[in-house]
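Asks: Got query_26.csv for you, CSV, C-alpha atoms and all ligand atoms:
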chain,number,residue,atom,x,y,z
X,726,MET,CA,0.0,0.0,0.0
X,727,LEU,CA,0.9,3.6,-0.4
X,728,TYR,CA,0.5,5.6,2.8
X,729,LEU,CA,0.4,9.4,2.0
X,730,PHE,CA,0.3,11.8,5.0
X,731,ASP,CA,-0.7,15.4,5.4
X,732,ILE,CA,2.0,17.2,7.4
X,733,ASP,CA,0.7,20.1,9.6
X,734,GLY,CA,-1.6,18.8,12.3
X,735,THR,CA,-1.1,15.2,11.1
X,736,LEU,CA,2.7,14.5,11.5
X,737,ARG,CA,3.8,17.7,13.2
X,738,GLN,CA,2.6,20.8,14.9
X,739,ALA,CA,4.1,24.3,14.6
X,740,LEU,CA,5.2,25.7,18.0
X,741,LEU,CA,4.7,29.4,17.3
X,742,PHE,CA,1.5,29.7,15.3
X,743,PRO,CA,-0.1,26.3,14.7
X,744,GLY,CA,-2.9,27.8,12.6
X,745,ILE,CA,-0.4,29.3,10.2
X,746,GLY,CA,2.2,26.5,9.9
X,747,SER,CA,5.8,26.0,10.7
X,748,LEU,CA,7.9,29.2,10.0
X,749,ALA,CA,11.4,27.7,10.6
X,750,PRO,CA,13.1,24.4,10.9
X,751,TRP,CA,13.1,24.7,14.7
X,752,ASP,CA,9.4,25.7,14.7
X,753,GLN,CA,7.9,22.3,14.8
X,754,ARG,CA,7.4,19.2,17.0
X,755,VAL,CA,6.7,15.7,15.7
X,756,LEU,CA,3.3,14.6,17.2
X,757,PRO,CA,3.4,11.5,19.5
X,758,GLY,CA,3.7,8.1,18.0
X,759,ARG,CA,4.4,9.3,14.4
X,760,ALA,CA,8.0,8.2,14.0
X,761,ASP,CA,7.4,4.7,15.4
X,762,ARG,CA,4.3,4.2,13.3
X,763,LEU,CA,6.0,5.3,10.1
X,764,GLN,CA,8.9,3.0,10.8
X,765,ALA,CA,6.5,0.1,11.4
X,766,LEU,CA,4.8,0.8,8.1
X,767,LYS,CA,8.1,0.9,6.3
X,768,ALA,CA,9.2,-2.3,7.9
X,769,ASP,CA,6.1,-4.0,6.6
X,770,GLY,CA,7.1,-3.0,3.1
X,771,HIS,CA,4.7,-0.1,2.5
X,772,ARG,CA,5.6,3.0,0.6
X,773,ILE,CA,5.3,6.3,2.5
X,774,GLY,CA,5.0,9.9,1.4
X,775,ALA,CA,3.5,13.3,2.3
X,776,ALA,CA,1.5,16.0,0.7
X,777,THR,CA,1.2,19.5,2.2
X,778,ASN,CA,-0.2,22.9,1.6
X,779,GLN,CA,2.4,25.6,2.6
X,780,GLY,CA,0.4,28.7,2.1
X,781,ALA,CA,2.7,30.6,4.5
X,782,VAL,CA,5.2,30.7,1.6
X,783,ALA,CA,2.6,32.5,-0.6
X,784,PHE,CA,2.2,35.2,2.1
X,785,GLY,CA,5.9,35.8,2.5
X,786,LEU,CA,5.9,34.4,6.1
X,787,VAL,CA,8.6,31.9,5.3
X,788,SER,CA,10.8,31.6,2.3
X,789,GLU,CA,10.5,28.5,0.1
X,790,SER,CA,14.0,27.4,0.9
X,791,ARG,CA,13.5,27.8,4.7
X,792,MET,CA,10.2,25.9,4.4
X,793,GLN,CA,12.0,23.2,2.5
X,794,ARG,CA,14.7,22.9,5.2
X,795,GLY,CA,11.9,22.6,7.8
X,796,LEU,CA,10.5,19.6,5.8
X,797,ASP,CA,14.0,18.1,5.6
X,798,GLU,CA,14.3,18.5,9.4
X,799,LEU,CA,10.9,16.8,9.9
X,800,ASN,CA,11.9,13.9,7.7
X,801,ARG,CA,15.2,13.6,9.7
X,802,ARG,CA,13.2,13.4,12.9
X,803,LEU,CA,11.0,10.7,11.2
X,804,ASP,CA,14.1,8.7,10.5
X,805,GLY,CA,13.9,9.5,6.8
X,806,THR,CA,10.8,7.4,6.3
X,807,LEU,CA,9.2,9.9,3.9
X,808,GLU,CA,10.3,8.9,0.4
X,809,TRP,CA,8.5,11.8,-1.3
X,810,ILE,CA,7.1,15.1,-0.1
X,811,GLY,CA,4.8,17.0,-2.4
X,812,VAL,CA,4.4,20.7,-1.5
X,813,CYS,CA,1.9,23.4,-2.7
X,814,PRO,CA,3.4,26.8,-2.0
X,815,HIS,CA,0.5,28.6,-3.8
X,816,HIS,CA,-2.5,30.5,-2.7
X,817,PRO,CA,-5.2,32.3,-4.8
X,818,ARG,CA,-4.8,35.4,-2.7
X,819,ALA,CA,-1.0,35.2,-2.2
X,820,LEU,CA,0.8,38.4,-1.3
X,821,LEU,CA,3.8,37.4,-3.4
X,822,PRO,CA,2.7,37.4,-7.1
X,823,ARG,CA,4.8,34.5,-8.1
X,824,TYR,CA,2.8,32.2,-5.8
X,825,ARG,CA,-0.6,33.7,-6.6
X,826,ARG,CA,-2.2,30.9,-8.6
X,827,ASP,CA,-5.5,29.0,-8.6
X,828,CYS,CA,-3.5,25.8,-8.8
X,829,ASP,CA,-4.5,22.2,-8.9
X,830,CYS,CA,-2.1,21.2,-6.2
X,831,ARG,CA,-3.6,23.0,-3.3
X,832,LYS,CA,-5.8,20.7,-1.3
X,833,PRO,CA,-8.8,20.1,-1.4
X,834,ARG,CA,-7.8,19.7,-5.1
X,835,PRO,CA,-6.2,16.4,-5.9
X,836,GLY,CA,-3.1,17.5,-7.7
X,837,LEU,CA,-0.5,16.6,-5.1
X,838,LEU,CA,-2.1,13.2,-4.5
X,839,LEU,CA,-2.1,12.4,-8.2
X,840,GLN,CA,1.6,13.5,-8.3
X,841,ALA,CA,2.2,11.0,-5.5
X,842,LEU,CA,0.6,8.1,-7.5
X,843,ALA,CA,2.8,9.0,-10.5
X,844,TYR,CA,5.9,9.1,-8.4
X,845,PHE,CA,5.3,5.8,-6.6
X,846,GLY,CA,3.7,4.1,-9.7
X,847,ALA,CA,0.8,3.1,-7.5
X,848,PRO,CA,-2.9,2.8,-8.4
X,849,ALA,CA,-5.3,4.9,-6.3
X,850,ALA,CA,-7.0,1.7,-5.2
X,851,GLU,CA,-3.9,0.9,-3.2
X,852,ALA,CA,-3.4,4.3,-1.7
X,853,VAL,CA,-4.5,5.8,1.6
X,854,PHE,CA,-4.4,9.4,2.6
X,855,ILE,CA,-4.2,10.4,6.3
X,856,GLY,CA,-5.0,13.9,7.3
X,857,ASP,CA,-6.7,16.1,9.9
X,858,ARG,CA,-8.9,18.3,7.9
X,859,ARG,CA,-12.0,18.1,5.8
X,860,THR,CA,-10.0,19.5,2.9
X,861,ASP,CA,-7.6,16.5,3.2
X,862,GLN,CA,-10.7,14.2,3.0
X,863,GLN,CA,-12.0,16.1,-0.1
X,864,ALA,CA,-8.6,15.8,-1.8
X,865,ALA,CA,-8.5,12.1,-1.1
X,866,GLN,CA,-12.0,11.5,-2.5
X,867,ALA,CA,-11.2,13.5,-5.6
X,868,ALA,CA,-8.0,11.4,-6.2
X,869,GLY,CA,-9.7,8.1,-5.5
X,870,PHE,CA,-7.7,7.4,-2.3
X,871,GLN,CA,-9.1,5.9,0.8
X,872,PHE,CA,-9.1,8.4,3.7
X,873,VAL,CA,-8.5,8.1,7.4
X,874,PHE,CA,-8.5,10.9,9.9
X,875,ALA,CA,-5.2,11.3,11.7
X,876,ASP,CA,-6.5,11.0,15.2
X,877,ARG,CA,-8.1,7.6,14.3
X,878,PHE,CA,-5.1,6.4,12.3
X,879,PHE,CA,-2.6,7.1,15.1
X,880,ALA,CA,-4.9,6.1,18.0
X,881,ALA,CA,-3.6,3.4,20.3
G,1,ZN,ZN,-0.3,24.7,-5.7
Using the file provided, produce a representation of the structure as C-alpha cells.

Replies:
Amino acid sequence: MLYLFDIDGTLRQALLFPGIGSLAPWDQRVLPGRADRLQALKADGHRIGAATNQGAVAFGLVSESRMQRGLDELNRRLDGTLEWIGVCPHHPRALLPRYRRDCDCRKPRPGLLLQALAYFGAPAAEAVFIGDRRTDQQAAQAAGFQFVFADRFFAA
C-alpha cells in the first residue's frame, strides 16, 4: 500500500502559530507516535510519502528554501521514512505574485495526491491518505484514495 500523509496537524505541529504553519526548521514538533508508526509501516514493506499545503510561503511568512529545510528536518526526525514530499506553496490570494495561482495542487484539489501516484507508480485503489482536515478528505476523495483521519489512524 501507499500511505500518504498530510503534514501540519497530522505528522507535526508548529510551535509558534499552529494555525499558520511552521515558520522555521526549529518551529515544529513531531506529534506523538508518528516516528514509530511510520517505521513500522516501512518495515512492513509499505511506501510512505507526504502532501502538504504551505500557504505561509505565498504570504511571505517563510521563504520557500526555509520551508524546505523545515521539511528536511521533519523527515530527519521521522528517521527518513518519507520517500517523497509534495508541496503546494501557492494561494489564490497570495501576497507574493509568483505564488498567486488558482492551482490544482492546493488541497482540497487532488493534484498533489495524483503526483504521488505517479511518483510511486501506485494505483489509487492501493493508496490511503491520512489527514486532519475536511480539505484532506476532499482531496483524497477527488483522487480516489481511501481516507482516514489522523486522530483515528494514530490512536492506540
Ligand atoms: Zn499549488

Asks: Near Val812 of chain X, within 7 Å and counting all atoms listed in the file, which residues show up once chain neighbours fewer than 3 positions away are dropped, as an mmCIF file with C-alpha atoms, keeping the file's coordinate frame?

Replies:
data_model
loop_
_atom_site.group_PDB
_atom_site.id
_atom_site.type_symbol
_atom_site.label_atom_id
_atom_site.label_comp_id
_atom_site.auth_asym_id
_atom_site.auth_seq_id
_atom_site.Cartn_x
_atom_site.Cartn_y
_atom_site.Cartn_z
ATOM 1 C CA ALA X 776 1.500 16.000 0.700
ATOM 2 C CA THR X 777 1.200 19.500 2.200
ATOM 3 C CA ASN X 778 -0.200 22.900 1.600
ATOM 4 C CA GLN X 779 2.400 25.600 2.600
#

Asks: Produce a table with one row for each residue of chain X that has an atom at most 7 Å from any atom of ligand ZN 1 (chain G), each row naming the nearest atom pair and its distance in Å at one decimal; use only C-alpha atoms and all ligand atoms; arrange rows by chain and rising residue number; format as JSON lines.

Replies:
{"residue": "X:Cys813", "atom": "CA", "partner": "G:ZN1", "partner_atom": "ZN", "distance": 3.9}
{"residue": "X:Pro814", "atom": "CA", "partner": "G:ZN1", "partner_atom": "ZN", "distance": 5.6}
{"residue": "X:His815", "atom": "CA", "partner": "G:ZN1", "partner_atom": "ZN", "distance": 4.4}
{"residue": "X:His816", "atom": "CA", "partner": "G:ZN1", "partner_atom": "ZN", "distance": 6.9}
{"residue": "X:Cys828", "atom": "CA", "partner": "G:ZN1", "partner_atom": "ZN", "distance": 4.6}
{"residue": "X:Asp829", "atom": "CA", "partner": "G:ZN1", "partner_atom": "ZN", "distance": 5.8}
{"residue": "X:Cys830", "atom": "CA", "partner": "G:ZN1", "partner_atom": "ZN", "distance": 4.0}
{"residue": "X:Arg831", "atom": "CA", "partner": "G:ZN1", "partner_atom": "ZN", "distance": 4.4}

Asks: When you draw a straight line from atom CA of Leu727 of chain X to atom CA of Leu766 of chain X, how long is it in Å?

Replies: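 Calculated distance between atom CA of Leu727 of chain X and atom CA of Leu766 of chain X is 9.8 Å.
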
Asks: Considering only C-alpha atoms, give me a table of residues in segment 782-871 of chain X that are at most 9 Å from segment 738-747 of chain X, with the closest atom pair and distance in Å for each, as a Markdown table.

Replies:
| residue | atom | partner | partner_atom | distance |
| --- | --- | --- | --- | --- |
| X:Val787 | CA | X:Ser747 | CA | 8.5 |
| X:Met792 | CA | X:Ser747 | CA | 7.7 |
| X:Gly795 | CA | X:Ser747 | CA | 7.6 |

Asks: How about saving the chosen residues, C-alpha atoms kept, as an mmCIF file, in the frame of the given file?

Replies:
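Contents of out_33.cif, as written:
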data_model
loop_
_atom_site.group_PDB
_atom_site.id
_atom_site.type_symbol
_atom_site.label_atom_id
_atom_site.label_comp_id
_atom_site.auth_asym_id
_atom_site.auth_seq_id
_atom_site.Cartn_x
_atom_site.Cartn_y
_atom_site.Cartn_z
ATOM 1 C CA VAL X 787 8.600 31.900 5.300
ATOM 2 C CA MET X 792 10.200 25.900 4.400
ATOM 3 C CA GLY X 795 11.900 22.600 7.800
#

Asks: So that I can check the surroundings of Ala868 of chain X, please list as a ChimeraX atom specification every protein, DNA and RNA residue that reaches within 12 Å of it, counting only C-alpha atoms and ignoring chain neighbours fewer than 6 positions away.

Replies: /X:729,829-830,832-843,848-854,861-862

Asks: Taking C-alpha atoms for each residue, export the selection above as a PDB file, in the coordinates of the input.

Replies:
ATOM      1  CA  LEU X 729       0.400   9.400   2.000  1.00  0.00           C
ATOM      2  CA  ASP X 829      -4.500  22.200  -8.900  1.00  0.00           C
ATOM      3  CA  CYS X 830      -2.100  21.200  -6.200  1.00  0.00           C
ATOM      4  CA  LYS X 832      -5.800  20.700  -1.300  1.00  0.00           C
ATOM      5  CA  PRO X 833      -8.800  20.100  -1.400  1.00  0.00           C
ATOM      6  CA  ARG X 834      -7.800  19.700  -5.100  1.00  0.00           C
ATOM      7  CA  PRO X 835      -6.200  16.400  -5.900  1.00  0.00           C
ATOM      8  CA  GLY X 836      -3.100  17.500  -7.700  1.00  0.00           C
ATOM      9  CA  LEU X 837      -0.500  16.600  -5.100  1.00  0.00           C
ATOM     10  CA  LEU X 838      -2.100  13.200  -4.500  1.00  0.00           C
ATOM     11  CA  LEU X 839      -2.100  12.400  -8.200  1.00  0.00           C
ATOM     12  CA  GLN X 840       1.600  13.500  -8.300  1.00  0.00           C
ATOM     13  CA  ALA X 841       2.200  11.000  -5.500  1.00  0.00           C
ATOM     14  CA  LEU X 842       0.600   8.100  -7.500  1.00  0.00           C
ATOM     15  CA  ALA X 843       2.800   9.000 -10.500  1.00  0.00           C
ATOM     16  CA  PRO X 848      -2.900   2.800  -8.400  1.00  0.00           C
ATOM     17  CA  ALA X 849      -5.300   4.900  -6.300  1.00  0.00           C
ATOM     18  CA  ALA X 850      -7.000   1.700  -5.200  1.00  0.00           C
ATOM     19  CA  GLU X 851      -3.900   0.900  -3.200  1.00  0.00           C
ATOM     20  CA  ALA X 852      -3.400   4.300  -1.700  1.00  0.00           C
ATOM     21  CA  VAL X 853      -4.500   5.800   1.600  1.00  0.00           C
ATOM     22  CA  PHE X 854      -4.400   9.400   2.600  1.00  0.00           C
ATOM     23  CA  ASP X 861      -7.600  16.500   3.200  1.00  0.00           C
ATOM     24  CA  GLN X 862     -10.700  14.200   3.000  1.00  0.00           C
TER      25      GLN X 862
END

Asks: At a cut-off of 6 Å, using only C-alpha atoms, what residues contact segment 803-810 of chain X? Leave out same-chain residues fewer than 5 positions from it and give the result as JSON, numbers by chain.

Replies: {"X": [760, 773, 774, 775, 776]}

Asks: State, in Å with one decimal place, the distance from atom CA of Phe730 of chain X to atom CA of Arg794 of chain X.

Replies: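 These two atoms are separated by 18.2 Å.
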
Asks: Between atom CA of Ala819 of chain X and atom CA of Leu786 of chain X, what is the distance, to one decimal in Å?

Replies: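 Here the two named atoms are 10.8 Å from each other.
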
Asks: Between X:Lys767, X:Arg825, X:Arg802, X:Arg754, which one has atoms that come closest to Gly780 of chain X, using all atoms listed in the file?

Replies: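 Closest to Gly780 of chain X, using all atoms listed in the file: X:Arg825.
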
Asks: Using all atoms of segment 727-731 of chain X listed in the file and a margin of 8 Å per side, can you give the axis-aligned box centre and edge lengths in Å to one decimal, as AutoDock Vina command-line options?

Replies:
--center_x 0.1 --center_y 9.5 --center_z 2.5 --size_x 17.6 --size_y 27.8 --size_z 21.8

Asks: Which one of X:Leu799, X:Ala864, X:Leu820, X:Ala749 sits closest to Phe784 of chain X if you count all atoms listed in the file?

Replies: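 Selected residue with least distance to Phe784 of chain X: X:Leu820.
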
Asks: Go through X:Ile855, X:Ala880, X:Ala783, X:Val755 and flag the residue nearest Arg801 of chain X, using all atoms listed in the file for the distances.

Replies: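 Once distances to Arg801 of chain X are computed over all atoms listed in the file, the minimum belongs to X:Val755.
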
Asks: X:Arg877, X:Arg791, X:Arg826, X:His771: which is nearest Ala847 of chain X, counting only C-alpha atoms?

Replies: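 Answer, going by the shortest atom-to-atom distance: X:His771.
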